[in-house]
>>> print(open('final.cif').read())   # mmCIF, C-alpha atoms
data_my_file
#
loop_
_atom_site.label_atom_id
_atom_site.label_comp_id
_atom_site.auth_asym_id
_atom_site.auth_seq_id
_atom_site.Cartn_x
_atom_site.Cartn_y
_atom_site.Cartn_z
CA MET A 1 0.00 0.00 0.00
CA SER A 2 1.12 3.60 -0.57
CA LEU A 3 2.53 5.89 2.08
CA ASN A 4 -0.58 8.09 2.13
CA ALA A 5 -3.18 5.30 2.07
CA GLU A 6 -1.56 3.33 4.89
CA THR A 7 -0.99 6.43 7.04
CA ALA A 8 -4.62 7.53 6.54
CA ARG A 9 -5.85 4.06 7.54
CA ILE A 10 -3.95 3.97 10.86
CA LEU A 11 -4.88 7.59 11.72
CA LYS A 12 -8.58 6.93 11.18
CA GLY A 13 -8.59 3.61 13.04
CA THR A 14 -6.73 4.86 16.12
CA THR A 15 -8.64 8.15 16.38
CA THR A 16 -12.00 6.37 16.13
CA LEU A 17 -10.99 3.76 18.75
CA GLY A 18 -9.79 6.44 21.20
CA LEU A 19 -12.94 8.54 20.77
CA VAL A 20 -15.29 5.57 21.18
CA ILE A 21 -13.56 4.60 24.46
CA MET A 22 -13.74 8.23 25.65
CA ALA A 23 -17.46 8.35 24.82
CA ILE A 24 -17.98 5.14 26.84
CA GLY A 25 -16.08 6.77 29.72
CA LEU A 26 -18.40 9.79 29.60
CA LEU A 27 -21.52 7.60 29.49
CA THR A 28 -20.34 5.62 32.56
CA ARG A 29 -19.45 8.81 34.48
CA SER A 30 -21.41 7.71 37.59
CA PHE A 31 -19.21 4.59 38.05
CA ASP A 32 -15.81 4.46 39.78
CA PHE A 33 -14.02 2.93 36.79
CA SER A 34 -15.02 5.83 34.50
CA ASP A 35 -11.72 7.69 35.02
CA THR A 36 -9.71 4.59 34.01
CA ILE A 37 -11.73 4.26 30.80
CA LEU A 38 -11.32 7.98 30.06
CA ALA A 39 -7.56 7.74 30.68
CA VAL A 40 -7.22 4.75 28.31
CA GLY A 41 -9.25 6.55 25.60
CA THR A 42 -7.20 9.75 26.05
CA VAL A 43 -3.89 7.88 25.73
CA ILE A 44 -5.03 6.01 22.58
CA LEU A 45 -6.28 9.26 21.02
CA ILE A 46 -3.19 11.35 21.75
CA PHE A 47 -0.91 8.56 20.45
CA ALA A 48 -2.78 8.39 17.09
CA PRO A 49 -0.49 10.92 15.33
CA VAL A 50 2.62 9.07 16.60
CA LEU A 51 1.32 5.77 15.24
CA GLY A 52 0.78 7.61 11.95
CA ILE A 53 4.47 8.60 11.92
CA ALA A 54 5.52 5.01 12.76
CA VAL A 55 3.51 3.65 9.81
CA SER A 56 4.83 6.42 7.49
CA THR A 57 8.40 5.52 8.51
CA LYS A 58 7.76 1.83 7.78
CA CYS A 59 6.40 2.76 4.32
CA LEU A 60 9.41 5.01 3.56
CA ILE A 61 11.78 2.15 4.49
CA GLN A 62 9.85 -0.21 2.21
CA GLU A 63 10.02 2.37 -0.63
CA GLY A 64 13.82 2.63 -0.14
CA ASP A 65 13.55 6.42 0.27
CA ARG A 66 16.73 6.94 2.31
CA TYR A 67 16.64 10.76 2.55
CA TRP A 68 13.12 10.92 3.98
CA THR A 69 13.61 7.78 6.12
CA ARG A 70 16.45 9.63 7.89
CA ILE A 71 14.16 12.62 8.48
CA ALA A 72 11.44 10.30 9.84
CA PHE A 73 13.91 8.63 12.24
CA ILE A 74 15.11 12.03 13.51
CA LEU A 75 11.49 13.02 14.20
CA VAL A 76 10.75 9.69 15.95
CA ALA A 77 13.92 10.13 18.05
CA ILE A 78 12.92 13.66 19.07
CA ILE A 79 9.42 12.53 20.02
CA ILE A 80 10.83 9.63 22.11
CA ILE A 81 13.40 11.91 23.81
CA GLY A 82 10.65 14.45 24.52
CA ALA A 83 8.40 11.75 26.02
CA LEU A 84 11.24 10.38 28.18
CA LEU A 85 12.23 13.88 29.33
CA SER A 86 8.68 14.67 30.37
CA TYR A 87 8.33 11.29 32.11
CA PHE A 88 11.54 11.52 34.15
CA ALA A 89 11.71 15.32 34.63
CA MET B 1 -17.34 18.47 36.34
CA ASP B 2 -21.14 18.41 36.72
CA PRO B 3 -22.78 16.05 34.12
CA MET B 4 -25.07 18.85 32.86
CA LEU B 5 -22.08 21.13 32.31
CA LEU B 6 -20.33 18.30 30.44
CA ILE B 7 -23.35 18.00 28.11
CA VAL B 8 -23.28 21.78 27.53
CA LEU B 9 -19.52 21.56 26.86
CA LEU B 10 -20.10 18.67 24.42
CA PHE B 11 -22.49 20.83 22.37
CA ILE B 12 -20.15 23.85 22.50
CA ALA B 13 -17.31 21.56 21.32
CA ILE B 14 -19.48 20.44 18.39
CA GLY B 15 -19.87 24.13 17.47
CA ALA B 16 -16.12 24.69 17.85
CA GLY B 17 -15.45 21.65 15.67
CA VAL B 18 -17.71 23.05 12.95
CA ILE B 19 -15.91 26.43 13.11
CA GLY B 20 -12.51 24.70 13.12
CA ALA B 21 -13.35 22.66 10.02
CA LEU B 22 -14.84 25.68 8.21
CA PHE B 23 -11.79 27.88 8.79
CA GLY B 24 -9.02 25.25 8.69
CA LEU B 25 -8.18 25.60 12.40
CA GLY B 26 -7.61 22.98 15.07
CA GLY B 27 -10.42 24.43 17.21
CA GLY B 28 -8.21 25.45 20.13
CA ILE B 29 -8.76 29.09 19.27
CA VAL B 30 -12.39 28.49 20.33
CA PHE B 31 -11.88 25.86 23.09
CA VAL B 32 -9.52 27.95 25.24
CA PRO B 33 -11.73 31.08 25.56
CA VAL B 34 -14.82 28.92 26.13
CA LEU B 35 -13.16 26.86 28.87
CA THR B 36 -11.59 29.86 30.61
CA ILE B 37 -14.35 32.48 30.19
CA LEU B 38 -17.55 30.37 30.27
CA PHE B 39 -16.44 27.43 32.44
CA GLY B 40 -13.98 29.32 34.66
CA LEU B 41 -11.10 26.83 34.20
CA ASP B 42 -7.54 28.08 34.61
CA ALA B 43 -5.49 28.58 31.45
CA THR B 44 -3.32 25.44 31.97
CA THR B 45 -6.31 23.09 32.42
CA ALA B 46 -8.04 24.73 29.44
CA ALA B 47 -4.92 24.37 27.27
CA ALA B 48 -4.51 20.70 28.27
CA ALA B 49 -8.14 19.80 27.43
CA SER B 50 -7.93 21.86 24.26
CA LEU B 51 -4.85 19.96 23.05
CA VAL B 52 -6.69 16.61 23.41
CA GLY B 53 -9.58 18.10 21.39
CA ILE B 54 -7.13 19.36 18.77
CA VAL B 55 -5.65 15.85 18.32
CA ALA B 56 -9.18 14.57 17.69
CA THR B 57 -10.16 17.23 15.13
CA SER B 58 -6.84 17.52 13.31
CA THR B 59 -6.14 13.79 13.06
CA GLY B 60 -9.76 13.15 12.09
CA SER B 61 -9.87 15.80 9.37
CA ALA B 62 -6.29 15.11 8.20
CA THR B 63 -7.22 11.51 7.37
CA GLY B 64 -9.18 12.56 4.26
CA TYR B 65 -6.45 14.92 3.03
CA VAL B 66 -3.73 12.29 3.60
CA LYS B 67 -5.75 9.72 1.64
CA LYS B 68 -6.28 12.15 -1.30
CA GLY B 69 -2.53 12.89 -1.45
CA LEU B 70 -2.98 16.58 -0.59
CA THR B 71 -0.97 16.24 2.62
CA ASN B 72 2.80 16.32 2.11
CA ILE B 73 3.71 13.73 4.77
CA ARG B 74 7.48 14.00 4.07
CA LEU B 75 7.55 17.79 4.46
CA GLY B 76 5.22 17.57 7.46
CA MET B 77 7.67 15.25 9.22
CA LEU B 78 10.63 17.52 8.40
CA MET B 79 8.90 20.61 9.77
CA GLU B 80 7.64 18.69 12.78
CA ILE B 81 11.24 18.13 13.95
CA THR B 82 11.58 21.77 15.03
CA THR B 83 7.88 22.22 15.80
CA THR B 84 8.01 19.30 18.25
CA ILE B 85 11.12 20.73 19.95
CA GLY B 86 9.23 24.02 20.35
CA ALA B 87 6.11 22.22 21.62
CA ILE B 88 8.06 20.26 24.27
CA ALA B 89 9.81 23.42 25.46
CA GLY B 90 6.53 25.35 25.44
CA ALA B 91 4.62 22.77 27.51
CA MET B 92 7.45 22.54 30.06
CA ILE B 93 7.55 26.34 30.39
CA ALA B 94 3.73 26.69 30.50
CA VAL B 95 3.41 24.66 33.73
CA TYR B 96 5.52 27.31 35.53
CA LEU B 97 4.02 30.41 33.88
CA ALA B 98 1.44 32.64 35.53
CA ASN B 99 -2.13 32.43 34.24
CA TRP B 100 -2.13 36.04 32.96
CA VAL B 101 1.03 35.46 30.89
CA LEU B 102 -0.63 32.53 29.04
CA LEU B 103 -3.75 34.66 28.46
CA VAL B 104 -1.67 37.50 27.00
CA ILE B 105 0.25 35.08 24.71
CA PHE B 106 -3.07 33.62 23.61
CA SER B 107 -4.47 37.12 22.89
CA ILE B 108 -1.46 37.93 20.72
CA VAL B 109 -2.01 34.68 18.75
CA MET B 110 -5.70 35.59 18.34
CA LEU B 111 -4.86 39.07 17.02
CA TYR B 112 -2.31 37.61 14.59
CA SER B 113 -4.77 34.93 13.40
CA GLY B 114 -7.54 37.51 12.95
CA PHE B 115 -5.22 39.71 10.90
CA LYS B 116 -4.08 36.80 8.71
CA MET B 117 -7.65 35.60 8.18
CA ALA B 118 -8.71 39.07 7.06
CA MET B 119 -5.78 39.40 4.66
CA SER B 120 -5.79 35.80 3.29
CA PRO B 121 -2.52 36.03 1.32
CA GLU B 122 -1.54 33.30 -1.15
CA ARG B 123 1.82 32.75 -2.84
CA THR B 124 3.07 29.81 -4.93
CA VAL B 125 6.19 29.23 -7.03
CA THR B 126 6.49 26.69 -9.88
CA PRO B 127 9.84 24.80 -9.79
CA THR B 128 12.55 25.59 -12.36
CA SER B 129 13.99 22.79 -14.51
CA GLU B 130 17.06 22.51 -12.19
CA GLU B 131 14.81 22.11 -9.16
CA MET B 132 12.77 19.24 -10.64
CA ASP B 133 15.09 16.52 -9.21
CA SER B 134 15.43 18.18 -5.80
CA PRO B 135 14.10 16.23 -2.77
CA MET B 136 12.24 19.46 -1.97
CA THR B 137 10.19 19.37 -5.19
CA PHE B 138 6.78 17.75 -4.78
CA SER B 139 3.56 17.17 -6.71
CA TYR B 140 -0.08 17.43 -5.60
CA PRO B 141 -3.55 16.92 -7.10
CA ALA B 142 -4.64 20.38 -8.33
CA ASP B 143 -8.27 21.64 -8.47
CA ASP B 144 -8.53 21.20 -12.26
CA GLY B 145 -7.66 17.49 -12.04
CA THR B 146 -4.04 17.96 -13.19
CA THR B 147 -0.91 17.31 -11.13
CA GLY B 148 0.61 20.53 -9.80
CA ARG B 149 4.31 20.82 -8.87
CA TYR B 150 6.09 23.09 -6.38
CA THR B 151 9.54 23.47 -4.82
CA VAL B 152 9.81 24.30 -1.13
CA GLN B 153 11.86 27.47 -0.52
CA ASN B 154 13.57 28.85 2.64
CA ASN B 155 13.44 25.50 4.51
CA ARG B 156 15.77 26.62 7.29
CA ARG B 157 13.95 29.86 8.05
CA GLY B 158 10.64 28.00 7.91
CA MET B 159 11.88 25.37 10.35
CA VAL B 160 13.10 28.02 12.81
CA LEU B 161 9.71 29.74 12.69
CA CYS B 162 8.07 26.32 13.22
CA THR B 163 9.89 26.10 16.59
CA VAL B 164 8.14 29.29 17.66
CA ALA B 165 4.79 27.99 16.32
CA GLY B 166 5.24 24.75 18.31
CA ALA B 167 6.06 26.61 21.55
CA VAL B 168 3.09 28.98 21.19
CA SER B 169 0.85 26.02 20.36
CA SER B 170 1.60 23.98 23.47
CA MET B 171 1.74 27.02 25.79
CA THR B 172 -1.67 28.28 24.74
CA GLY B 173 -3.52 25.13 23.66
CA VAL B 174 -3.94 26.40 20.10
CA GLY B 175 -3.19 23.94 17.28
CA GLY B 176 -1.02 26.44 15.44
CA GLY B 177 -2.64 26.06 12.02
CA SER B 178 -3.33 29.80 11.93
CA ILE B 179 0.44 30.35 12.25
CA LYS B 180 1.75 27.44 10.12
CA VAL B 181 -0.46 27.87 7.04
CA PRO B 182 0.58 31.50 6.34
CA LEU B 183 4.20 30.60 7.25
CA MET B 184 4.28 27.67 4.82
CA ASN B 185 2.74 29.74 2.05
CA ILE B 186 4.50 33.10 2.52
CA TYR B 187 8.04 31.89 3.44
CA MET B 188 8.17 28.42 1.91
CA HIS B 189 5.98 28.97 -1.19
CA ILE B 190 3.87 25.87 -0.62
CA PRO B 191 0.43 26.01 -2.36
CA ILE B 192 -2.21 27.06 0.18
CA LYS B 193 -4.24 23.88 -0.40
CA VAL B 194 -1.22 21.67 0.39
CA ALA B 195 -0.18 23.97 3.27
CA SER B 196 -3.63 23.66 4.90
CA ALA B 197 -3.70 19.86 4.49
CA THR B 198 -0.10 19.42 5.71
CA SER B 199 -0.69 21.80 8.62
CA SER B 200 -3.75 19.78 9.63
CA TYR B 201 -1.58 16.62 9.72
CA MET B 202 1.19 18.42 11.65
CA ILE B 203 -1.18 19.95 14.22
CA GLY B 204 -1.99 16.48 15.59
CA ILE B 205 1.72 15.63 16.05
CA THR B 206 2.45 19.00 17.69
CA ALA B 207 -0.56 18.65 19.98
CA PHE B 208 0.59 15.12 20.94
CA SER B 209 3.84 16.43 22.45
CA GLY B 210 2.02 19.03 24.51
CA ALA B 211 -0.90 16.75 25.47
CA PHE B 212 1.43 13.91 26.55
CA ILE B 213 3.36 16.22 28.89
CA TYR B 214 0.11 17.54 30.39
CA PHE B 215 -1.07 13.90 30.79
CA ILE B 216 2.12 12.92 32.64
CA GLU B 217 1.81 16.05 34.82
CA GLY B 218 -1.81 15.05 35.62
CA ALA B 219 -3.01 18.40 34.27
CA ILE B 220 -5.68 16.92 31.98
CA ALA B 221 -9.23 17.02 33.39
CA LEU B 222 -10.23 13.71 31.77
CA ASP B 223 -14.00 14.30 31.61
CA VAL B 224 -13.56 17.82 30.21
CA ALA B 225 -11.02 16.60 27.64
CA ALA B 226 -13.32 13.73 26.58
CA ALA B 227 -16.33 16.04 26.13
CA VAL B 228 -14.18 18.45 24.10
CA ALA B 229 -12.62 15.68 21.96
CA VAL B 230 -15.83 13.77 21.19
CA GLY B 231 -17.83 16.95 20.52
CA ALA B 232 -15.10 18.54 18.41
CA TYR B 233 -14.70 15.41 16.27
CA VAL B 234 -18.44 15.25 15.56
CA GLY B 235 -18.41 19.01 14.82
CA ALA B 236 -15.42 18.63 12.48
CA MET B 237 -17.26 15.98 10.48
CA ILE B 238 -20.32 18.28 10.20
CA GLY B 239 -18.11 21.29 9.37
CA THR B 240 -16.31 19.43 6.59
CA ARG B 241 -19.69 18.76 4.91
CA ILE B 242 -20.86 22.37 5.41
CA SER B 243 -17.57 23.77 4.03
CA GLU B 244 -18.37 22.26 0.63
CA LYS B 245 -21.54 24.42 0.43
CA VAL B 246 -20.58 27.83 1.89
CA ASN B 247 -18.34 30.71 0.80
CA ALA B 248 -15.48 30.22 3.29
CA LYS B 249 -13.58 33.32 2.06
CA ALA B 250 -16.39 35.67 3.07
CA LEU B 251 -16.87 33.84 6.37
CA LYS B 252 -13.15 34.18 7.11
CA ARG B 253 -13.42 37.98 7.11
CA TYR B 254 -16.36 37.94 9.55
CA MET B 255 -14.52 35.43 11.72
CA SER B 256 -11.50 37.73 12.03
CA VAL B 257 -13.75 40.29 13.77
CA VAL B 258 -14.79 37.60 16.28
CA PHE B 259 -11.11 36.73 16.85
CA PHE B 260 -10.26 40.38 17.59
CA ALA B 261 -13.18 40.59 20.03
CA ILE B 262 -12.09 37.39 21.86
CA ALA B 263 -8.51 38.71 22.03
CA VAL B 264 -9.71 41.91 23.72
CA ILE B 265 -11.80 39.88 26.24
CA MET B 266 -8.78 37.67 27.04
CA ILE B 267 -6.52 40.72 27.54
CA LEU B 268 -9.12 42.23 29.91
CA LYS B 269 -9.27 38.88 31.77
CA ALA B 270 -5.45 38.77 31.97
CA GLY B 271 -5.48 42.27 33.43
CA GLY B 272 -8.04 41.26 36.06
CA TYR B 273 -10.81 43.47 34.65
CA MET B 274 -13.20 40.51 34.11
#
>>> encode(input="final.cif", output="structure tokens")
Amino acid sequence: MSLNAETARILKGTTTLGLVIMAIGLLTRSFDFSDTILAVGTVILIFAPVLGIAVSTKCLIQEGDRYWTRIAFILVAIIIIGALLSYFA
Amino acid sequence: MDPMLLIVLLFIAIGAGVIGALFGLGGGIVFVPVLTILFGLDATTAAAASLVGIVATSTGSATGYVKKGLTNIRLGMLMEITTTIGAIAGAMIAVYLANWVLLVIFSIVMLYSGFKMAMSPERTVTPTSEEMDSPMTFSYPADDGTTGRYTVQNNRRGMVLCTVAGAVSSMTGVGGGSIKVPLMNIYMHIPIKVASATSSYMIGITAFSGAFIYFIEGAIALDVAAAVAVGAYVGAMIGTRISEKVNAKALKRYMSVVFFAIAVIMILKAGGYM
């Protein structure tokens, strides 16, 4: 599959999944476990763009596009460093 | 938050999603004033919830553009390198900034966005024969069904400005589309249609960095964020359909007046007059 088609597919799937879980969390607001459901939905939703980058990177590797694969790896590295910094800071 | 207030917020978020889709914005420019002025949340909590909503609207609306090939994923990833650095720095700084400082920064962004929306500049450059083999020359599906080509100019300056856009985005909870689209068109000569689509894709990645830090810090009010995200996504889907039927250019000019008015309200709030 092409870079754009595969990236679009993962973005749509992950966003929809995250939003559905968040909606369930809102509907079960009177129960104790609601916050856990909302947290899971929030994490899935906010990670959707990162999964999109991961799939794009995989496609670029498969296409043998070395220049843009390097760029993708730099971006992935910066995102990981940023996440680690915020986790341990 | 009270369940009735969450329902009200859900409907307001639908409205914000419609506005965001109509004007090519992430929606944060509406979420933040609504959450701070109407719901009385502090600027940090409002920005955190807004960023989650922005991920929902931008990623949702970007999907269609990515599929059609309008989004330049390669360029988006390149520009996201500096935007993400700016977003991480911005979110880390925002936690320690006073509420009024964030409100003033937000007001400045609103004034800038209103000005840009009123002016609506567009600039594109066709590549020369030498530039055709450059990794910075791209193609896109043009309106008339043909394949348009363009070469990205001033990459370095554009990337530096993206750092600022990323920092402002995560500090204020605004997606940054109102900054990135004019930047990509004016400085980098990317066709406005591609710039809007690529910006939409980038907004989600920028918002991730900010939203993740707020999540780790425990600054996200989960129920508020969920109401904003679900409502905004539904609104974005409605807005995308409406945008095919209305004259967005005329609406943009009216919207700039609203942006100026919100900026004034936020400045008054920052100064303690409201």
>>> residues_around(input="final.cif", residues="Asp65 of chain A", least_positions_apart="5", cutoff="12 Å", atoms="all atoms listed in the file", output="PDB file with C-alpha atoms, in the frame of the given file")
ATOM      1  CA  LEU A   3       2.530   5.890   2.080  1.00  0.00           C
ATOM      2  CA  SER A  56       4.830   6.420   7.490  1.00  0.00           C
ATOM      3  CA  THR A  57       8.400   5.520   8.510  1.00  0.00           C
ATOM      4  CA  LYS A  58       7.760   1.830   7.780  1.00  0.00           C
ATOM      5  CA  CYS A  59       6.400   2.760   4.320  1.00  0.00           C
ATOM      6  CA  LEU A  60       9.410   5.010   3.560  1.00  0.00           C
ATOM      7  CA  ARG A  70      16.450   9.630   7.890  1.00  0.00           C
ATOM      8  CA  ILE A  71      14.160  12.620   8.480  1.00  0.00           C
ATOM      9  CA  ALA A  72      11.440  10.300   9.840  1.00  0.00           C
TER      10      ALA A  72
ATOM     11  CA  ARG B  74       7.480  14.000   4.070  1.00  0.00           C
ATOM     12  CA  PRO B 135      14.100  16.230  -2.770  1.00  0.00           C
TER      13      PRO B 135
END
>>> atom_distance(input="final.cif", atom1="atom CA of Gly53 of chain B", atom2="atom CA of Val257 of chain B")
23.8 Å
>>> resolve_selection(input="final.cif", expression="the PyMOL selection byres ((chain B and resi 176) around 12)", output="number ranges by chain")
B: 20, 24-29, 51, 54-55, 58, 80, 83-84, 86-87, 106, 109-110, 112-113, 161-175, 177-184, 196, 199-207
>>> resolve_selection(input="final.cif", expression="the PyMOL selection byres ((chain B) within 9 of (chain A))", output="ChimeraX atom specification")
/B:3,6,51-52,55-56,59-60,62-69,71-75,77-78,80-82,84-85,88,92,135,201-202,204-209,211-213,215-217,222-223,225-227,229-230,233
>>> atom_distance(input="final.cif", atom1="atom CA of Gly90 of chain B", atom2="atom CA of Leu38 of chain B")
25.1 Å
>>> atom_distance(input="final.cif", atom1="atom CA of Ile108 of chain B", atom2="atom CA of Ile93 of chain B")
17.6 Å
>>> residues_around(input="final.cif", residues="Ala219 of chain B", least_positions_apart="4", cutoff="8 Å", atoms="all atoms listed in the file", output="ChimeraX atom specification")
/B:44-45,48,214-215
>>> resolve_selection(input="final.cif", expression="the PyMOL selection byres ((chain B and resi 136) around 8)", output="number ranges by chain")
B: 134-135, 137-138, 151-152
>>> closest_residue(input="final.cif", among="B:Leu9, B:Leu111, B:Ala221, B:Asn154", to="Ala46 of chain B", atoms="all atoms listed in the file")
B:Ala221
>>> residues_around(input="final.cif", residues="Phe39 of chain B", least_positions_apart="2", cutoff="12 Å", atoms="all atoms listed in the file", output="NGL selection string")
:B and (1-2 or 5-6 or 8-9 or 12 or 31-37 or 41-43 or 45-46 or 224)
>>> closest_residue(input="final.cif", among="B:Phe11, B:Phe260, B:Tyr273, B:Tyr150", to="Gly114 of chain B", atoms="all atoms listed in the file")
B:Phe260
>>> decode(input="final.cif", residues="segment 70-138 of chain B", atoms="C-alpha atoms", output="CSV table (one decimal), in the first residue's frame")
chain,number,residue,atom,x,y,z
B,70,LEU,CA,-3.0,16.6,-0.6
B,71,THR,CA,-1.0,16.2,2.6
B,72,ASN,CA,2.8,16.3,2.1
B,73,ILE,CA,3.7,13.7,4.8
B,74,ARG,CA,7.5,14.0,4.1
B,75,LEU,CA,7.5,17.8,4.5
B,76,GLY,CA,5.2,17.6,7.5
B,77,MET,CA,7.7,15.2,9.2
B,78,LEU,CA,10.6,17.5,8.4
B,79,MET,CA,8.9,20.6,9.8
B,80,GLU,CA,7.6,18.7,12.8
B,81,ILE,CA,11.2,18.1,13.9
B,82,THR,CA,11.6,21.8,15.0
B,83,THR,CA,7.9,22.2,15.8
B,84,THR,CA,8.0,19.3,18.3
B,85,ILE,CA,11.1,20.7,20.0
B,86,GLY,CA,9.2,24.0,20.3
B,87,ALA,CA,6.1,22.2,21.6
B,88,ILE,CA,8.1,20.3,24.3
B,89,ALA,CA,9.8,23.4,25.5
B,90,GLY,CA,6.5,25.3,25.4
B,91,ALA,CA,4.6,22.8,27.5
B,92,MET,CA,7.5,22.5,30.1
B,93,ILE,CA,7.5,26.3,30.4
B,94,ALA,CA,3.7,26.7,30.5
B,95,VAL,CA,3.4,24.7,33.7
B,96,TYR,CA,5.5,27.3,35.5
B,97,LEU,CA,4.0,30.4,33.9
B,98,ALA,CA,1.4,32.6,35.5
B,99,ASN,CA,-2.1,32.4,34.2
B,100,TRP,CA,-2.1,36.0,33.0
B,101,VAL,CA,1.0,35.5,30.9
B,102,LEU,CA,-0.6,32.5,29.0
B,103,LEU,CA,-3.7,34.7,28.5
B,104,VAL,CA,-1.7,37.5,27.0
B,105,ILE,CA,0.2,35.1,24.7
B,106,PHE,CA,-3.1,33.6,23.6
B,107,SER,CA,-4.5,37.1,22.9
B,108,ILE,CA,-1.5,37.9,20.7
B,109,VAL,CA,-2.0,34.7,18.7
B,110,MET,CA,-5.7,35.6,18.3
B,111,LEU,CA,-4.9,39.1,17.0
B,112,TYR,CA,-2.3,37.6,14.6
B,113,SER,CA,-4.8,34.9,13.4
B,114,GLY,CA,-7.5,37.5,13.0
B,115,PHE,CA,-5.2,39.7,10.9
B,116,LYS,CA,-4.1,36.8,8.7
B,117,MET,CA,-7.6,35.6,8.2
B,118,ALA,CA,-8.7,39.1,7.1
B,119,MET,CA,-5.8,39.4,4.7
B,120,SER,CA,-5.8,35.8,3.3
B,121,PRO,CA,-2.5,36.0,1.3
B,122,GLU,CA,-1.5,33.3,-1.2
B,123,ARG,CA,1.8,32.8,-2.8
B,124,THR,CA,3.1,29.8,-4.9
B,125,VAL,CA,6.2,29.2,-7.0
B,126,THR,CA,6.5,26.7,-9.9
B,127,PRO,CA,9.8,24.8,-9.8
B,128,THR,CA,12.6,25.6,-12.4
B,129,SER,CA,14.0,22.8,-14.5
B,130,GLU,CA,17.1,22.5,-12.2
B,131,GLU,CA,14.8,22.1,-9.2
B,132,MET,CA,12.8,19.2,-10.6
B,133,ASP,CA,15.1,16.5,-9.2
B,134,SER,CA,15.4,18.2,-5.8
B,135,PRO,CA,14.1,16.2,-2.8
B,136,MET,CA,12.2,19.5,-2.0
B,137,THR,CA,10.2,19.4,-5.2
B,138,PHE,CA,6.8,17.8,-4.8
